[in-house]
$ cat structure_10.txt   # compact mmCIF, C-alpha atoms
# COMPACT_ATOMS: atom_id res chain seq x y z
CA MET A 26 -31.21 3.82 -5.53
CA PHE A 27 -29.08 4.10 -8.68
CA LYS A 28 -30.51 5.53 -11.89
CA TRP A 29 -27.95 5.19 -14.65
CA SER A 30 -28.27 6.00 -18.33
CA ASP A 31 -27.86 3.12 -20.77
CA GLU A 32 -24.57 4.60 -21.97
CA PHE A 33 -23.16 4.83 -18.45
CA TYR A 34 -24.38 1.32 -17.63
CA ASP A 35 -22.69 -0.10 -20.74
CA SER A 36 -19.44 1.70 -19.88
CA ALA A 37 -19.51 0.55 -16.26
CA LYS A 38 -20.23 -3.01 -17.33
CA TRP A 39 -17.31 -2.95 -19.80
CA PHE A 40 -15.08 -1.50 -17.07
CA ALA A 41 -16.06 -4.24 -14.60
CA ILE A 42 -15.98 -7.17 -17.03
CA TYR A 43 -12.94 -6.35 -19.17
CA PHE A 44 -10.81 -3.52 -17.83
CA ILE A 45 -10.45 -4.37 -14.14
CA PRO A 46 -9.61 -8.08 -14.62
CA SER A 47 -7.18 -7.17 -17.41
CA LEU A 48 -5.53 -4.56 -15.21
CA SER A 49 -5.21 -7.05 -12.37
CA ALA A 50 -3.60 -9.62 -14.68
CA PHE A 51 -1.26 -6.99 -16.11
CA VAL A 52 -0.15 -5.83 -12.66
CA GLY A 53 0.27 -9.44 -11.56
CA VAL A 54 2.41 -10.46 -14.52
CA CYS A 55 4.52 -7.31 -14.51
CA GLY A 56 4.88 -7.44 -10.75
CA LEU A 57 6.15 -11.00 -10.87
CA ALA A 58 8.49 -10.21 -13.77
CA LEU A 59 9.92 -7.25 -11.86
CA ASP A 60 9.99 -9.15 -8.56
CA TRP A 61 7.79 -6.48 -6.97
CA GLU A 62 7.06 -7.47 -3.37
CA PHE A 63 3.58 -5.89 -3.33
CA THR A 64 2.24 -7.71 -6.39
CA SER A 65 -0.15 -9.87 -4.40
CA VAL A 66 -1.48 -6.93 -2.42
CA ALA A 67 -2.00 -4.82 -5.54
CA THR A 68 -3.82 -7.56 -7.46
CA THR A 69 -6.00 -8.30 -4.44
CA ILE A 70 -7.02 -4.64 -4.12
CA ILE A 71 -7.68 -4.29 -7.85
CA SER A 72 -9.77 -7.46 -7.87
CA ALA A 73 -11.72 -6.36 -4.78
CA PHE A 74 -12.49 -3.07 -6.51
CA GLY A 75 -13.79 -5.06 -9.48
CA VAL A 76 -16.13 -7.00 -7.23
CA PHE A 77 -17.32 -3.71 -5.70
CA VAL A 78 -18.05 -2.20 -9.13
CA ALA A 79 -19.87 -5.36 -10.22
CA GLY A 80 -21.96 -5.23 -7.04
CA CYS A 81 -22.93 -1.63 -7.73
CA ILE A 82 -23.93 -2.56 -11.27
CA ARG A 83 -26.04 -5.45 -9.99
CA MET A 84 -27.77 -3.17 -7.47
CA SER A 85 -28.61 -0.77 -10.28
CA VAL A 86 -30.02 -3.56 -12.44
CA ALA A 87 -32.12 -4.87 -9.54
CA GLU A 88 -33.59 -1.41 -8.88
CA TYR A 89 -34.30 -0.93 -12.59
CA GLU A 90 -36.05 -4.30 -12.82
CA LYS A 91 -38.06 -3.59 -9.67
CA ALA A 92 -39.20 -0.21 -11.00
CA LYS A 93 -40.16 -1.71 -14.36
CA LYS A 94 -42.12 -4.49 -12.64
CA GLU A 95 -43.96 -2.00 -10.44
CA GLN A 96 -44.70 0.19 -13.46
CA TYR A 97 -45.98 -2.82 -15.44
CA GLU A 98 -48.14 -4.06 -12.55
CA GLY A 99 -49.49 -0.55 -12.05
CA ASN A 100 -50.48 -0.32 -15.70
CA THR A 101 -52.11 -3.75 -15.59
CA ASP A 102 -54.27 -2.82 -12.59
CA ALA A 103 -55.49 0.35 -14.31
CA ASP A 104 -56.83 -1.56 -17.34
$ encode --input "structure_10.txt" --output "structure tokens"
Amino acid sequence: MFKWSDEFYDSAKWFAIYFIPSLSAFVGVCGLALDWEFTSVATTIISAFGVFVAGCIRMSVAEYEKAKKEQYEGNTDAD
């Protein structure tokens, strides 16, 4: 389904693991400090987006592993 380059995969993984949670924490802290009424909604949406990105990454990894396994098994049968 997804075929990502190693560089894109590493960037997406960094985005999902570090950037999105940090952004959510930043919005949460600043929102509380500024008494912003939509802080909870904003952090929930940001966090949900992080879960979505992580799910997409996992799907890509699963497809990659499946293709590698099929390729390996195909090469084994030919020997």
$ closest_residue --input "structure_10.txt" --among "A:Val54, A:Ser30, A:Ile42, A:Ala92" --to "Ala79 in chain A" --atoms "all atoms listed in the file"
A:Ile42
$ closest_residue --input "structure_10.txt" --among "A:Ile45, A:Phe51, A:Arg83, A:Gly56" --to "Ile71 in chain A" --atoms "all atoms listed in the file"
A:Ile45
$ closest_residue --input "structure_10.txt" --among "A:Phe63, A:Trp29, A:Tyr34, A:Phe74" --to "Leu48 in chain A" --atoms "only C-alpha atoms"
A:Phe74
$ closest_residue --input "structure_10.txt" --among "A:Phe33, A:Lys28, A:Ala41, A:Val52" --to "Gly75 in chain A" --atoms "all atoms listed in the file"
A:Ala41
$ atom_distance --input "structure_10.txt" --atom1 "CA of Thr68 in chain A" --atom2 "CA of Tyr43 in chain A"
14.9 Å
$ atom_distance --input "structure_10.txt" --atom1 "CA of Glu32 in chain A" --atom2 "CA of Ile70 in chain A"
26.7 Å
$ closest_residue --input "structure_10.txt" --among "A:Glu98, A:Lys91, A:Phe77, A:Ser72" --to "Ser47 in chain A" --atoms "all atoms listed in the file"
A:Ser72
$ closest_residue --input "structure_10.txt" --among "A:Val76, A:Ile82, A:Tyr97, A:Ala87" --to "Ala37 in chain A" --atoms "only C-alpha atoms"
A:Ile82
$ atom_distance --input "structure_10.txt" --atom1 "CA of Gly80 in chain A" --atom2 "CA of Asp31 in chain A"
17.1 Å
$ axis_aligned_box --input "structure_10.txt" --around "range 75-80 of chain A" --padding-each-side "4 Å" --output "AutoDock Vina command-line options"
--center_x -17.9 --center_y -4.6 --center_z -8.0 --size_x 16.2 --size_y 12.8 --size_z 12.5
$ build_atoms --input "structure_10.txt" --residues "range 39-59 of chain A" --atoms "N, CA and C atoms" --output "PDB file, keeping the file's coordinate frame"
ATOM      1  N   TRP A  39     -18.564  -2.679 -19.096  1.00  0.00           N
ATOM      2  CA  TRP A  39     -17.310  -2.950 -19.800  1.00  0.00           C
ATOM      3  C   TRP A  39     -16.132  -2.800 -18.841  1.00  0.00           C
ATOM      4  N   PHE A  40     -16.150  -1.756 -18.039  1.00  0.00           N
ATOM      5  CA  PHE A  40     -15.080  -1.500 -17.070  1.00  0.00           C
ATOM      6  C   PHE A  40     -14.945  -2.674 -16.096  1.00  0.00           C
ATOM      7  N   ALA A  41     -16.081  -3.155 -15.585  1.00  0.00           N
ATOM      8  CA  ALA A  41     -16.060  -4.240 -14.600  1.00  0.00           C
ATOM      9  C   ALA A  41     -15.707  -5.590 -15.214  1.00  0.00           C
ATOM     10  N   ILE A  42     -16.173  -5.849 -16.425  1.00  0.00           N
ATOM     11  CA  ILE A  42     -15.980  -7.170 -17.030  1.00  0.00           C
ATOM     12  C   ILE A  42     -14.621  -7.307 -17.719  1.00  0.00           C
ATOM     13  N   TYR A  43     -14.163  -6.242 -18.370  1.00  0.00           N
ATOM     14  CA  TYR A  43     -12.940  -6.350 -19.170  1.00  0.00           C
ATOM     15  C   TYR A  43     -11.742  -5.598 -18.580  1.00  0.00           C
ATOM     16  N   PHE A  44     -11.947  -4.341 -18.221  1.00  0.00           N
ATOM     17  CA  PHE A  44     -10.810  -3.520 -17.830  1.00  0.00           C
ATOM     18  C   PHE A  44     -10.190  -3.941 -16.499  1.00  0.00           C
ATOM     19  N   ILE A  45     -10.998  -4.077 -15.466  1.00  0.00           N
ATOM     20  CA  ILE A  45     -10.450  -4.370 -14.140  1.00  0.00           C
ATOM     21  C   ILE A  45      -9.743  -5.729 -14.102  1.00  0.00           C
ATOM     22  N   PRO A  46     -10.349  -6.809 -14.611  1.00  0.00           N
ATOM     23  CA  PRO A  46      -9.610  -8.080 -14.620  1.00  0.00           C
ATOM     24  C   PRO A  46      -8.325  -8.021 -15.456  1.00  0.00           C
ATOM     25  N   SER A  47      -8.372  -7.307 -16.571  1.00  0.00           N
ATOM     26  CA  SER A  47      -7.180  -7.170 -17.410  1.00  0.00           C
ATOM     27  C   SER A  47      -6.091  -6.385 -16.676  1.00  0.00           C
ATOM     28  N   LEU A  48      -6.489  -5.339 -15.993  1.00  0.00           N
ATOM     29  CA  LEU A  48      -5.530  -4.560 -15.210  1.00  0.00           C
ATOM     30  C   LEU A  48      -4.913  -5.401 -14.112  1.00  0.00           C
ATOM     31  N   SER A  49      -5.721  -6.192 -13.431  1.00  0.00           N
ATOM     32  CA  SER A  49      -5.210  -7.050 -12.370  1.00  0.00           C
ATOM     33  C   SER A  49      -4.209  -8.062 -12.916  1.00  0.00           C
ATOM     34  N   ALA A  50      -4.531  -8.665 -14.060  1.00  0.00           N
ATOM     35  CA  ALA A  50      -3.600  -9.620 -14.680  1.00  0.00           C
ATOM     36  C   ALA A  50      -2.317  -8.929 -15.112  1.00  0.00           C
ATOM     37  N   PHE A  51      -2.434  -7.742 -15.684  1.00  0.00           N
ATOM     38  CA  PHE A  51      -1.260  -6.990 -16.110  1.00  0.00           C
ATOM     39  C   PHE A  51      -0.352  -6.655 -14.933  1.00  0.00           C
ATOM     40  N   VAL A  52      -0.938  -6.161 -13.859  1.00  0.00           N
ATOM     41  CA  VAL A  52      -0.150  -5.830 -12.660  1.00  0.00           C
ATOM     42  C   VAL A  52       0.482  -7.093 -12.090  1.00  0.00           C
ATOM     43  N   GLY A  53      -0.273  -8.190 -12.082  1.00  0.00           N
ATOM     44  CA  GLY A  53       0.270  -9.440 -11.560  1.00  0.00           C
ATOM     45  C   GLY A  53       1.449  -9.957 -12.355  1.00  0.00           C
ATOM     46  N   VAL A  54       1.326  -9.960 -13.668  1.00  0.00           N
ATOM     47  CA  VAL A  54       2.410 -10.460 -14.520  1.00  0.00           C
ATOM     48  C   VAL A  54       3.630  -9.541 -14.447  1.00  0.00           C
ATOM     49  N   CYS A  55       3.392  -8.246 -14.581  1.00  0.00           N
ATOM     50  CA  CYS A  55       4.520  -7.310 -14.510  1.00  0.00           C
ATOM     51  C   CYS A  55       5.165  -7.313 -13.131  1.00  0.00           C
ATOM     52  N   GLY A  56       4.342  -7.402 -12.108  1.00  0.00           N
ATOM     53  CA  GLY A  56       4.880  -7.440 -10.750  1.00  0.00           C
ATOM     54  C   GLY A  56       5.763  -8.643 -10.507  1.00  0.00           C
ATOM     55  N   LEU A  57       5.331  -9.796 -11.010  1.00  0.00           N
ATOM     56  CA  LEU A  57       6.150 -11.000 -10.870  1.00  0.00           C
ATOM     57  C   LEU A  57       7.438 -10.886 -11.698  1.00  0.00           C
ATOM     58  N   ALA A  58       7.313 -10.356 -12.896  1.00  0.00           N
ATOM     59  CA  ALA A  58       8.490 -10.210 -13.770  1.00  0.00           C
ATOM     60  C   ALA A  58       9.520  -9.258 -13.165  1.00  0.00           C
ATOM     61  N   LEU A  59       9.021  -8.232 -12.472  1.00  0.00           N
ATOM     62  CA  LEU A  59       9.920  -7.250 -11.860  1.00  0.00           C
ATOM     63  C   LEU A  59      10.278  -7.578 -10.416  1.00  0.00           C
TER      64      LEU A  59
END
